[in-house]
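Below you'll find the structure, written out as structure tokens, and then a few comments.
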Amino acid sequence: MSENHNHDHHHHGHHHPSPESYWSARTKAVESLLIEKGLISSDAIESVVQFYEKDLGPMHGKKVVAKAWSDPDFKQKLLADSETVLKDLGYFGMQGEHVRVVENTEDVHNVVCCTLCSCYPWALLGLPPAWYKEPAYRSRIVKEPRSVLEEFGLVLPDKVEIRVWDSSAEIRYLVIPERPAGTEGMTEEELAELVTRDSMIGVVKVQPPARANV
Amino acid sequence: MSENHNHDHHHHGHHHPSPESYWSARTKAVESLLIEKGLISSDAIESVVQFYEKDLGPMHGKKVVAKAWSDPDFKQKLLADSETVLKDLGYFGMQGEHVRVVENTEDVHNVVCCTLCSCYPWALLGLPPAWYKEPAYRSRIVKEPRSVLEEFGLVLPDKVEIRVWDSSAEIRYLVIPERPAGTEGMTEEELAELVTRDSMIGVVKVQPPARANV
Amino acid sequence: MNGIHDVGGMDGFGKVVTGEDEVLFHEDWERRAFGLLNGALGQGFFNLDEMRHGIERMNPADYLTSGYYGHWTATLAKLLVEKGMIDESELDRRTQAYQKESNKEIPRRENPELVEHMKQVVKFGASTVREISAQPKFGIGSRVKTINHNPSGHTRLPRYARGKYGIINAVYDAHVFPDAHAHGKGESPEYLYSVRLTADELWGVNGQEAVYIDLWESYLIPVNE
Amino acid sequence: MNGIHDVGGMDGFGKVVTGEDEVLFHEDWERRAFGLLNGALGQGFFNLDEMRHGIERMNPADYLTSGYYGHWTATLAKLLVEKGMIDESELDRRTQAYQKESNKEIPRRENPELVEHMKQVVKFGASTVREISAQPKFGIGSRVKTINHNPSGHTRLPRYARGKYGIINAVYDAHVFPDAHAHGKGESPEYLYSVRLTADELWGVNGQEAVYIDLWESYLIPVNE
């Protein structure tokens with residue numbers, strides 16, 4: 001019950017604590033004690049942060065999707081044994097040790113969540129967006145997925161089956177969205193540019209390319 | 001979402017808001033608007049409060065229990081048709097319109113709660129104690145009643161069946177605790193003095209009288 | 001709704017804390033909230049089921065941090081706004097004014113007739129029993145299963161008691177049905193039952209414990225043995 | 001435990017709010033919390049299941065108001081205290097000191113070896129797959145029922161998915177079992193399955209929706225058709 005002191009909570013729409021909040025001070029306190037005891041180092045903290053803020057680079061997930069769209073054999077292998085195929089490509093790491101890829105079609109729409117915490121395929125998509133971690137998404141997506149997707153602007157026909165993947169174990173899920181119309185003849189690199197993070201979580205579709213030539 | 005502004009929450013062990021909290025100001029705001037619009041009056045507010053703070057007097061529940069202990073016929077009728085018997089005695093009113101009385105014995109121990117809000121037999125016991133209204137009691141008593149009762153100091157043999165009455169509708173429950181040893185020959189008035197509120201909720205037993213004469 | 005209010009069976013709230021001071025109200029505003037809410041209920045501004053549902057719709061963090069009478073003020077304010085009796089932005093401005101100026105006076109108004117009316121309300125309460133022509137579907141000892149419903153609105157069938165097998169312990173009168181009454185859909189009275197659900201059925205544990213819960217007829221499905 | 005973290009199926013948290021700034025960290029302390037927790041996990045001060053259980057044990061009001069990285073700091077602090085690595089009263093005093101003096105410096109320490117170690121941790125992760133001699137009890141298409149357990153400790157079978165009938169969608173490898181691993185009871189690896197639970201079964205609604213959830217073998221009971 002050590003958190004249960006008389007500290008102020010400012011809670012806004014998203015519960016972002018304000019600058020010198022209890023949690024900010026608490027974090028500094030833990031860091032300073034661990035540093036003093038030689039149990040952590042400042043540069044180790046910074047290198048981990050830097051990896052996710054800067055080094056991870058563009059999402060590997062985009063390339064995987066573009067390759068799956070371009071190469072039917074690859075897609076087949078990827079869906080059959082996601083983990084091996086991704087490891088061969090070098091796409092693995094912390095929170096991406098075990099991955100299963102699922103495919104959206106005309107009939108089936110997949111969407112990923114983690115109701116109990118916020119499990120997410122870091123190695124493929126980086127760190128999750130704020131909404132993915134908030135109770136609103138986590139509580140509702142398993143119970144009323146159709147309404148939640150509508151709030152993301154995705155209205156699916158009633159006949160489309162929605163599959164919600166609750167990441168309750170150490171398997172991480174990646175959605176291959178449907179390849180949009182008007183992308184025939186595009187290269188993998190061009191296709192990868194179309195793919196968004198949210199489409200690989202499964203809350204939106206990939207939009208067709210802007211028709212600059214029309 | 002009108003509460004969801006940037007107001008401070010001070011939460012302590014019991015979440016008693018501090019003096020000029022948001023909720024204090026909000027209450028004053030509602031009162032002042034209702035007064036201005038002629039929809040409530042100050043004296044009506046005060047008279048309702050006064051009834052529960054001062055006029056309700058000693059708990060009617062105590063007298064009911066003492067009478068049931070003293071008069072087997074009365075007890076039988078009370079258990080068979082609590083509502084009619086209590087109405088005949090004049091023990092009814094707001095949050096006491098419909099009452100069922102249950103009896104603790106050697107084999108069965110009854111305890112009352114309301115998991116969804118804090119329903120309680122006001123007309124018989126007055127307003128509920130703070131702990132009855134808090135999530136700790138409401139959440140745990142239905143799932144681990146034996147442990148909760150132990151925290152109240154009541155250790156029941158495993159063979160005793162515990163019945164937890166979750167007041168989910170408009171029936172209010174009153175427990176007749178076991179009559180303690182050493183009360184033979186006591187009058188109803190004397191017996192009523194032994195009966196505690198908590199024993200009629202069912203979280204403790206009635207203690208035998210202090211043996212001043214020994 | 002599966003709201004934060006539906007805490008039955010949750011862990012994590014700690015031990016039950018007793019032995020505190022036992023005053024009915026810790027702050028004067030709690031006293032006013034109690035009187036105000038009862039005054040609003042007693043005049044029929046809204047009903048008890050609407051009042052409960054207003055609490056359930058609080059932001060969960062607010063629910064857990066505002067205290068019991070904070071809930072009362074929250075639902076009172078919400079319902080008065082929804083019923084068009086007070087204006088939300090006026091209420092917000094007024095709230096801010098009282099936050100800034102804690103000694104700011106509350107206007108007074110006397111109304112002996114209303115005092116008398118409230119005395120009757122407190123004295124007689126308001127029964128939820130209604131006569132209906134139908135006969136109860138279940139008798140004492142009947143085996144039933146509770147429905148697994150998850151309405152977005154008000155219900156008095158808590159999550160922990162859904163989809164469970166139980167035995168009818170008592171057949172009560174027909175009572176106003178909260179799932180309808182909280183949503184302006186009339187009283188729709190139904191028979192009410194006391195249902196015994198064992199700890200084994202509820203929590204998967206063996207033990208001499210059972211919950212007795214009051215459930216309306218449409219929460220129950222007959223079970224053929 | 002049936003903690004506040006187990007939000008699947010709850011109502012009342014409002015709409016999903018998107019379209020905000022998409023920075024990874026809103027405050028510098030969140031950045032430090034992220035690095036610190038990974039540094040603690042990466043050095044084996046505690047495991048991921050203990051980490052999750054530490055969050056679950058937060059006071060529910062704190063859980064809802066501290067934000068995602070507040071959870072991380074909370075569990076980090078709790079576990080370091082429980083493991084005897086830091087002293088609780090020292091931590092509390094230090095916290096107060098930083099609250100009072102927000103510009104107070106955090107001491108620095110460099111350790112290139114630890115930097116290198118953490119790079120490997122991030123690069124390779126830590127698989128939870130283990131070889132076991134047993135064969136999986138269920139095959140794809142098997143009908144199963146999830147158990148109705150309500151442990152006071154850690155579990156990855158959420159409340160909404162308990163006591164429900166489903167179909168095995170995939171048989172995965174054996175994985176470390178969180179219910180044991182979070183409590184110092186070893187890895188106890190068990191086969192993991194993807195289980196399909198329909199919306200009708202979960203929520204009592206008709207609809208073309210299903211949840212696919214990953215469940216360990218001991219969460220599942222065979223169903224004979």
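Chain labels run A, B, ... following the order of the structure tokens; each chain numbers its residues from 1, and ligands are numbered from 1 in the order shown.
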All strand (DSSP E or B) residues (DSSP, backbone) inside segment 106-197 of chain A, as a ChimeraX atom specification: /A:108-113,161-166,171-176
Spatial neighbours of segment 52-59 of chain B, 12 Å, only C-alpha atoms, chain gap at least 6 places, as number ranges by chain: B: 45-46, 65-66, 91-95, 121-128, 174, 189, 192-193, 195-198, 200; C: 22-25, 31, 34-35, 38, 119, 122-123
Residue hits in chain C, query chain B, radius 7 Å, only C-alpha atoms, as a ChimeraX atom specification: /C:5-11,13-18,22,27,29,31-36,39,65-68,70,73,77,91,94-95,98-99,102,106-111,114-115,118,121-127,156,208-214
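Picture a line from atom CA of Gln135 of chain D to atom CA of Ser188 of chain D; it runs 14.7 Å.
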Given only C-alpha atoms as the counted atoms, nearest of D:Gly166, D:Pro189, D:Pro158, D:Pro60 to Ser133 of chain D: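 Nearest to Ser133 of chain D: D:Pro189.
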How would chain B read as a PDB file with C-alpha atoms, in the first residue's frame after a least-squares superposition onto chain A over every Cα atom, matched in order?
```pdb
ATOM      1  CA  MET B   1       0.029  -0.114   0.041  1.00  0.00           C
ATOM      2  CA  SER B   2       3.014   2.158  -0.298  1.00  0.00           C
ATOM      3  CA  GLU B   3       1.329   4.247  -3.019  1.00  0.00           C
ATOM      4  CA  ASN B   4      -1.624   4.884  -0.801  1.00  0.00           C
ATOM      5  CA  HIS B   5      -0.350   8.078   0.738  1.00  0.00           C
ATOM      6  CA  ASN B   6      -1.903  11.487   0.574  1.00  0.00           C
ATOM      7  CA  HIS B   7      -0.647  12.428  -2.808  1.00  0.00           C
ATOM      8  CA  ASP B   8      -2.605  14.386  -5.310  1.00  0.00           C
ATOM      9  CA  HIS B   9      -3.917  12.774  -8.418  1.00  0.00           C
ATOM     10  CA  HIS B  10      -4.634  15.022 -11.306  1.00  0.00           C
ATOM     11  CA  HIS B  11      -6.580  12.995 -13.714  1.00  0.00           C
ATOM     12  CA  HIS B  12      -7.364  14.341 -17.105  1.00  0.00           C
ATOM     13  CA  GLY B  13      -8.877  12.657 -20.093  1.00  0.00           C
ATOM     14  CA  HIS B  14      -5.821  10.483 -20.436  1.00  0.00           C
ATOM     15  CA  HIS B  15      -4.388  10.388 -17.006  1.00  0.00           C
ATOM     16  CA  HIS B  16      -1.087  11.888 -18.013  1.00  0.00           C
ATOM     17  CA  PRO B  17       0.345  12.891 -14.698  1.00  0.00           C
ATOM     18  CA  SER B  18       1.430  16.483 -14.386  1.00  0.00           C
ATOM     19  CA  PRO B  19       5.140  17.397 -14.223  1.00  0.00           C
ATOM     20  CA  GLU B  20       6.077  17.107 -10.565  1.00  0.00           C
ATOM     21  CA  SER B  21       3.556  14.468  -9.703  1.00  0.00           C
ATOM     22  CA  TYR B  22       3.993  11.775  -7.129  1.00  0.00           C
ATOM     23  CA  TRP B  23       4.869   9.313  -9.880  1.00  0.00           C
ATOM     24  CA  SER B  24       7.561  11.530 -11.332  1.00  0.00           C
ATOM     25  CA  ALA B  25       9.153  11.928  -7.914  1.00  0.00           C
ATOM     26  CA  ARG B  26       8.748   8.229  -7.185  1.00  0.00           C
ATOM     27  CA  THR B  27      10.512   7.318 -10.428  1.00  0.00           C
ATOM     28  CA  LYS B  28      13.395   9.656  -9.658  1.00  0.00           C
ATOM     29  CA  ALA B  29      13.625   8.189  -6.161  1.00  0.00           C
ATOM     30  CA  VAL B  30      13.868   4.636  -7.492  1.00  0.00           C
ATOM     31  CA  GLU B  31      16.447   5.631 -10.082  1.00  0.00           C
ATOM     32  CA  SER B  32      18.609   7.484  -7.591  1.00  0.00           C
ATOM     33  CA  LEU B  33      18.576   4.574  -5.131  1.00  0.00           C
ATOM     34  CA  LEU B  34      19.394   1.995  -7.798  1.00  0.00           C
ATOM     35  CA  ILE B  35      22.232   4.158  -9.107  1.00  0.00           C
ATOM     36  CA  GLU B  36      23.653   4.638  -5.622  1.00  0.00           C
ATOM     37  CA  LYS B  37      23.537   0.911  -4.983  1.00  0.00           C
ATOM     38  CA  GLY B  38      25.222   0.188  -8.302  1.00  0.00           C
ATOM     39  CA  LEU B  39      22.239  -1.813  -9.522  1.00  0.00           C
ATOM     40  CA  ILE B  40      21.604   0.199 -12.660  1.00  0.00           C
ATOM     41  CA  SER B  41      23.550   2.680 -14.748  1.00  0.00           C
ATOM     42  CA  SER B  42      22.395   5.926 -16.324  1.00  0.00           C
ATOM     43  CA  ASP B  43      23.778   4.970 -19.714  1.00  0.00           C
ATOM     44  CA  ALA B  44      21.984   1.602 -19.676  1.00  0.00           C
ATOM     45  CA  ILE B  45      18.653   3.348 -19.027  1.00  0.00           C
ATOM     46  CA  GLU B  46      19.379   5.786 -21.820  1.00  0.00           C
ATOM     47  CA  SER B  47      20.464   3.156 -24.299  1.00  0.00           C
ATOM     48  CA  VAL B  48      17.240   1.166 -23.859  1.00  0.00           C
ATOM     49  CA  VAL B  49      15.142   4.285 -24.268  1.00  0.00           C
ATOM     50  CA  GLN B  50      17.137   5.377 -27.292  1.00  0.00           C
ATOM     51  CA  PHE B  51      16.620   2.044 -28.981  1.00  0.00           C
ATOM     52  CA  TYR B  52      12.838   2.454 -28.979  1.00  0.00           C
ATOM     53  CA  GLU B  53      12.819   6.212 -29.537  1.00  0.00           C
ATOM     54  CA  LYS B  54      15.413   6.318 -32.317  1.00  0.00           C
ATOM     55  CA  ASP B  55      17.159   3.125 -33.400  1.00  0.00           C
ATOM     56  CA  LEU B  56      14.260   0.781 -34.073  1.00  0.00           C
ATOM     57  CA  GLY B  57      13.559   2.884 -37.146  1.00  0.00           C
ATOM     58  CA  PRO B  58      10.616   2.396 -39.458  1.00  0.00           C
ATOM     59  CA  MET B  59       8.320  -0.389 -38.446  1.00  0.00           C
ATOM     60  CA  HIS B  60       9.442  -3.802 -39.590  1.00  0.00           C
ATOM     61  CA  GLY B  61       5.759  -4.747 -39.694  1.00  0.00           C
ATOM     62  CA  LYS B  62       5.232  -2.567 -42.772  1.00  0.00           C
ATOM     63  CA  LYS B  63       7.874  -4.459 -44.710  1.00  0.00           C
ATOM     64  CA  VAL B  64       6.407  -7.783 -43.658  1.00  0.00           C
ATOM     65  CA  VAL B  65       2.969  -6.760 -44.862  1.00  0.00           C
ATOM     66  CA  ALA B  66       4.260  -5.365 -48.155  1.00  0.00           C
ATOM     67  CA  LYS B  67       6.212  -8.554 -48.775  1.00  0.00           C
ATOM     68  CA  ALA B  68       3.167 -10.690 -47.982  1.00  0.00           C
ATOM     69  CA  TRP B  69       1.064  -8.642 -50.412  1.00  0.00           C
ATOM     70  CA  SER B  70       3.705  -8.996 -53.119  1.00  0.00           C
ATOM     71  CA  ASP B  71       4.665 -12.625 -52.710  1.00  0.00           C
ATOM     72  CA  PRO B  72       1.897 -15.233 -52.272  1.00  0.00           C
ATOM     73  CA  ASP B  73       4.382 -17.968 -51.365  1.00  0.00           C
ATOM     74  CA  PHE B  74       5.894 -15.807 -48.674  1.00  0.00           C
ATOM     75  CA  LYS B  75       2.452 -14.984 -47.335  1.00  0.00           C
ATOM     76  CA  GLN B  76       1.510 -18.622 -47.149  1.00  0.00           C
ATOM     77  CA  LYS B  77       4.668 -19.498 -45.240  1.00  0.00           C
ATOM     78  CA  LEU B  78       4.258 -16.460 -43.005  1.00  0.00           C
ATOM     79  CA  LEU B  79       0.720 -17.422 -42.026  1.00  0.00           C
ATOM     80  CA  ALA B  80       1.677 -21.071 -41.533  1.00  0.00           C
ATOM     81  CA  ASP B  81       4.775 -20.444 -39.397  1.00  0.00           C
ATOM     82  CA  SER B  82       5.044 -16.758 -38.617  1.00  0.00           C
ATOM     83  CA  GLU B  83       7.741 -17.110 -36.025  1.00  0.00           C
ATOM     84  CA  THR B  84      10.281 -18.927 -38.170  1.00  0.00           C
ATOM     85  CA  VAL B  85       9.710 -16.716 -41.193  1.00  0.00           C
ATOM     86  CA  LEU B  86      10.061 -13.514 -39.164  1.00  0.00           C
ATOM     87  CA  LYS B  87      13.187 -14.788 -37.400  1.00  0.00           C
ATOM     88  CA  ASP B  88      14.749 -15.590 -40.750  1.00  0.00           C
ATOM     89  CA  LEU B  89      14.153 -11.970 -41.758  1.00  0.00           C
ATOM     90  CA  GLY B  90      15.747 -10.780 -38.518  1.00  0.00           C
ATOM     91  CA  TYR B  91      12.492  -9.347 -37.201  1.00  0.00           C
ATOM     92  CA  PHE B  92      12.430 -10.433 -33.594  1.00  0.00           C
ATOM     93  CA  GLY B  93      13.542  -9.216 -30.196  1.00  0.00           C
ATOM     94  CA  MET B  94      12.016  -8.162 -26.895  1.00  0.00           C
ATOM     95  CA  GLN B  95       8.204  -8.396 -27.105  1.00  0.00           C
ATOM     96  CA  GLY B  96       8.482 -10.124 -30.422  1.00  0.00           C
ATOM     97  CA  GLU B  97       9.933 -13.476 -29.376  1.00  0.00           C
ATOM     98  CA  HIS B  98       6.806 -15.330 -30.470  1.00  0.00           C
ATOM     99  CA  VAL B  99       4.632 -13.848 -33.174  1.00  0.00           C
ATOM    100  CA  ARG B 100       1.572 -15.048 -35.036  1.00  0.00           C
ATOM    101  CA  VAL B 101       0.457 -13.263 -38.158  1.00  0.00           C
ATOM    102  CA  VAL B 102      -3.239 -13.261 -39.092  1.00  0.00           C
ATOM    103  CA  GLU B 103      -4.752 -12.043 -42.338  1.00  0.00           C
ATOM    104  CA  ASN B 104      -7.734  -9.795 -42.984  1.00  0.00           C
ATOM    105  CA  THR B 105      -9.957 -10.806 -45.872  1.00  0.00           C
ATOM    106  CA  GLU B 106     -13.334  -9.833 -47.272  1.00  0.00           C
ATOM    107  CA  ASP B 107     -14.980 -12.167 -44.777  1.00  0.00           C
ATOM    108  CA  VAL B 108     -12.813 -11.974 -41.681  1.00  0.00           C
ATOM    109  CA  HIS B 109     -11.453  -8.923 -39.916  1.00  0.00           C
ATOM    110  CA  ASN B 110      -8.807  -9.364 -37.209  1.00  0.00           C
ATOM    111  CA  VAL B 111      -8.024  -6.878 -34.467  1.00  0.00           C
ATOM    112  CA  VAL B 112      -5.482  -7.155 -31.644  1.00  0.00           C
ATOM    113  CA  CYS B 113      -5.645  -6.156 -27.989  1.00  0.00           C
ATOM    114  CA  CYS B 114      -4.446  -7.081 -24.520  1.00  0.00           C
ATOM    115  CA  THR B 115      -7.194  -6.751 -21.931  1.00  0.00           C
ATOM    116  CA  LEU B 116      -5.026  -7.603 -18.904  1.00  0.00           C
ATOM    117  CA  CYS B 117      -2.113  -5.267 -19.547  1.00  0.00           C
ATOM    118  CA  SER B 118      -0.950  -3.887 -22.904  1.00  0.00           C
ATOM    119  CA  CYS B 119       1.009  -6.654 -24.651  1.00  0.00           C
ATOM    120  CA  TYR B 120       2.031  -5.540 -28.127  1.00  0.00           C
ATOM    121  CA  PRO B 121       4.563  -6.664 -30.768  1.00  0.00           C
ATOM    122  CA  TRP B 122       7.280  -4.095 -29.972  1.00  0.00           C
ATOM    123  CA  ALA B 123       9.786  -5.777 -32.261  1.00  0.00           C
ATOM    124  CA  LEU B 124       7.484  -5.282 -35.265  1.00  0.00           C
ATOM    125  CA  LEU B 125       5.517  -2.119 -34.454  1.00  0.00           C
ATOM    126  CA  GLY B 126       7.553  -0.247 -31.858  1.00  0.00           C
ATOM    127  CA  LEU B 127       5.919   0.859 -28.619  1.00  0.00           C
ATOM    128  CA  PRO B 128       2.108   0.972 -28.573  1.00  0.00           C
ATOM    129  CA  PRO B 129       0.045   4.139 -29.011  1.00  0.00           C
ATOM    130  CA  ALA B 130      -1.550   5.648 -25.890  1.00  0.00           C
ATOM    131  CA  TRP B 131      -5.085   4.519 -26.740  1.00  0.00           C
ATOM    132  CA  TYR B 132      -3.986   0.872 -26.969  1.00  0.00           C
ATOM    133  CA  LYS B 133      -2.896   1.013 -23.330  1.00  0.00           C
ATOM    134  CA  GLU B 134      -5.963   2.808 -21.943  1.00  0.00           C
ATOM    135  CA  PRO B 135      -8.863   0.996 -20.255  1.00  0.00           C
ATOM    136  CA  ALA B 136     -11.379   2.320 -22.819  1.00  0.00           C
ATOM    137  CA  TYR B 137      -9.887   0.270 -25.657  1.00  0.00           C
ATOM    138  CA  ARG B 138      -8.921  -2.726 -23.539  1.00  0.00           C
ATOM    139  CA  SER B 139     -12.358  -3.022 -21.922  1.00  0.00           C
ATOM    140  CA  ARG B 140     -14.514  -2.474 -24.973  1.00  0.00           C
ATOM    141  CA  ILE B 141     -12.750  -4.148 -27.879  1.00  0.00           C
ATOM    142  CA  VAL B 142     -13.565  -7.675 -26.664  1.00  0.00           C
ATOM    143  CA  LYS B 143     -17.208  -6.866 -25.878  1.00  0.00           C
ATOM    144  CA  GLU B 144     -18.252  -4.470 -28.609  1.00  0.00           C
ATOM    145  CA  PRO B 145     -15.587  -4.622 -31.312  1.00  0.00           C
ATOM    146  CA  ARG B 146     -17.929  -3.425 -34.059  1.00  0.00           C
ATOM    147  CA  SER B 147     -18.711  -0.200 -32.197  1.00  0.00           C
ATOM    148  CA  VAL B 148     -15.079   0.398 -31.331  1.00  0.00           C
ATOM    149  CA  LEU B 149     -13.994  -0.069 -34.940  1.00  0.00           C
ATOM    150  CA  GLU B 150     -16.724   2.350 -36.039  1.00  0.00           C
ATOM    151  CA  GLU B 151     -15.195   4.942 -33.737  1.00  0.00           C
ATOM    152  CA  PHE B 152     -11.945   4.419 -35.648  1.00  0.00           C
ATOM    153  CA  GLY B 153     -13.933   5.087 -38.826  1.00  0.00           C
ATOM    154  CA  LEU B 154     -14.102   1.458 -39.891  1.00  0.00           C
ATOM    155  CA  VAL B 155     -17.654   0.335 -40.624  1.00  0.00           C
ATOM    156  CA  LEU B 156     -17.757  -3.356 -41.443  1.00  0.00           C
ATOM    157  CA  PRO B 157     -20.725  -5.162 -42.989  1.00  0.00           C
ATOM    158  CA  ASP B 158     -22.580  -7.328 -40.428  1.00  0.00           C
ATOM    159  CA  LYS B 159     -21.612 -10.464 -42.313  1.00  0.00           C
ATOM    160  CA  VAL B 160     -17.903  -9.834 -41.789  1.00  0.00           C
ATOM    161  CA  GLU B 161     -16.692 -11.872 -38.836  1.00  0.00           C
ATOM    162  CA  ILE B 162     -14.601  -9.901 -36.385  1.00  0.00           C
ATOM    163  CA  ARG B 163     -11.894 -11.813 -34.577  1.00  0.00           C
ATOM    164  CA  VAL B 164     -10.443 -10.071 -31.558  1.00  0.00           C
ATOM    165  CA  TRP B 165      -7.056 -11.437 -30.481  1.00  0.00           C
ATOM    166  CA  ASP B 166      -6.594 -10.950 -26.761  1.00  0.00           C
ATOM    167  CA  SER B 167      -2.819 -11.241 -26.201  1.00  0.00           C
ATOM    168  CA  SER B 168      -3.077 -12.990 -22.849  1.00  0.00           C
ATOM    169  CA  ALA B 169       0.175 -14.935 -23.189  1.00  0.00           C
ATOM    170  CA  GLU B 170       3.591 -14.294 -24.792  1.00  0.00           C
ATOM    171  CA  ILE B 171       2.387 -14.680 -28.379  1.00  0.00           C
ATOM    172  CA  ARG B 172       2.243 -11.311 -30.113  1.00  0.00           C
ATOM    173  CA  TYR B 173      -0.157 -10.775 -33.000  1.00  0.00           C
ATOM    174  CA  LEU B 174       0.329  -8.875 -36.243  1.00  0.00           C
ATOM    175  CA  VAL B 175      -2.503  -8.274 -38.703  1.00  0.00           C
ATOM    176  CA  ILE B 176      -1.943  -8.316 -42.461  1.00  0.00           C
ATOM    177  CA  PRO B 177      -4.508  -5.790 -43.621  1.00  0.00           C
ATOM    178  CA  GLU B 178      -6.323  -6.202 -46.936  1.00  0.00           C
ATOM    179  CA  ARG B 179      -4.315  -4.917 -49.858  1.00  0.00           C
ATOM    180  CA  PRO B 180      -6.143  -1.866 -51.150  1.00  0.00           C
ATOM    181  CA  ALA B 181      -7.368  -1.486 -54.727  1.00  0.00           C
ATOM    182  CA  GLY B 182      -5.251   0.561 -57.090  1.00  0.00           C
ATOM    183  CA  THR B 183      -1.924  -0.847 -55.870  1.00  0.00           C
ATOM    184  CA  GLU B 184      -1.284  -3.189 -58.758  1.00  0.00           C
ATOM    185  CA  GLY B 185       2.264  -2.934 -59.965  1.00  0.00           C
ATOM    186  CA  MET B 186       3.541  -1.073 -56.913  1.00  0.00           C
ATOM    187  CA  THR B 187       6.882  -2.184 -55.513  1.00  0.00           C
ATOM    188  CA  GLU B 188       7.291  -3.615 -52.027  1.00  0.00           C
ATOM    189  CA  GLU B 189       8.880  -0.348 -50.916  1.00  0.00           C
ATOM    190  CA  GLU B 190       5.946   1.660 -52.272  1.00  0.00           C
ATOM    191  CA  LEU B 191       3.434  -0.700 -50.703  1.00  0.00           C
ATOM    192  CA  ALA B 192       5.211  -0.527 -47.321  1.00  0.00           C
ATOM    193  CA  GLU B 193       4.688   3.227 -47.351  1.00  0.00           C
ATOM    194  CA  LEU B 194       0.902   2.729 -47.462  1.00  0.00           C
ATOM    195  CA  VAL B 195       0.799   0.438 -44.456  1.00  0.00           C
ATOM    196  CA  THR B 196      -0.017   2.120 -41.148  1.00  0.00           C
ATOM    197  CA  ARG B 197       0.548   0.958 -37.635  1.00  0.00           C
ATOM    198  CA  ASP B 198      -3.180   1.059 -36.881  1.00  0.00           C
ATOM    199  CA  SER B 199      -3.917  -1.185 -39.876  1.00  0.00           C
ATOM    200  CA  MET B 200      -1.542  -3.796 -38.455  1.00  0.00           C
ATOM    201  CA  ILE B 201      -3.302  -3.600 -35.068  1.00  0.00           C
ATOM    202  CA  GLY B 202      -6.485  -4.060 -37.073  1.00  0.00           C
ATOM    203  CA  VAL B 203      -8.447  -0.971 -36.122  1.00  0.00           C
ATOM    204  CA  VAL B 204      -8.440   0.536 -39.625  1.00  0.00           C
ATOM    205  CA  LYS B 205      -7.971  -0.579 -43.230  1.00  0.00           C
ATOM    206  CA  VAL B 206      -5.103   0.488 -45.432  1.00  0.00           C
ATOM    207  CA  GLN B 207      -6.288   3.305 -47.664  1.00  0.00           C
ATOM    208  CA  PRO B 208      -5.731   3.207 -51.415  1.00  0.00           C
ATOM    209  CA  PRO B 209      -2.869   5.439 -52.643  1.00  0.00           C
ATOM    210  CA  ALA B 210      -3.726   9.035 -53.379  1.00  0.00           C
ATOM    211  CA  ARG B 211      -4.271   9.165 -57.137  1.00  0.00           C
ATOM    212  CA  ALA B 212      -1.873  11.929 -57.969  1.00  0.00           C
ATOM    213  CA  ASN B 213      -1.959  11.009 -61.639  1.00  0.00           C
ATOM    214  CA  VAL B 214      -5.722  11.249 -62.134  1.00  0.00           C
TER     215      VAL B 214
END
```
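Among the candidates D:Asp28, D:Asp173, D:Asp62, D:Glu88, the one nearest to chain C when counting only C-alpha atoms is D:Asp62.
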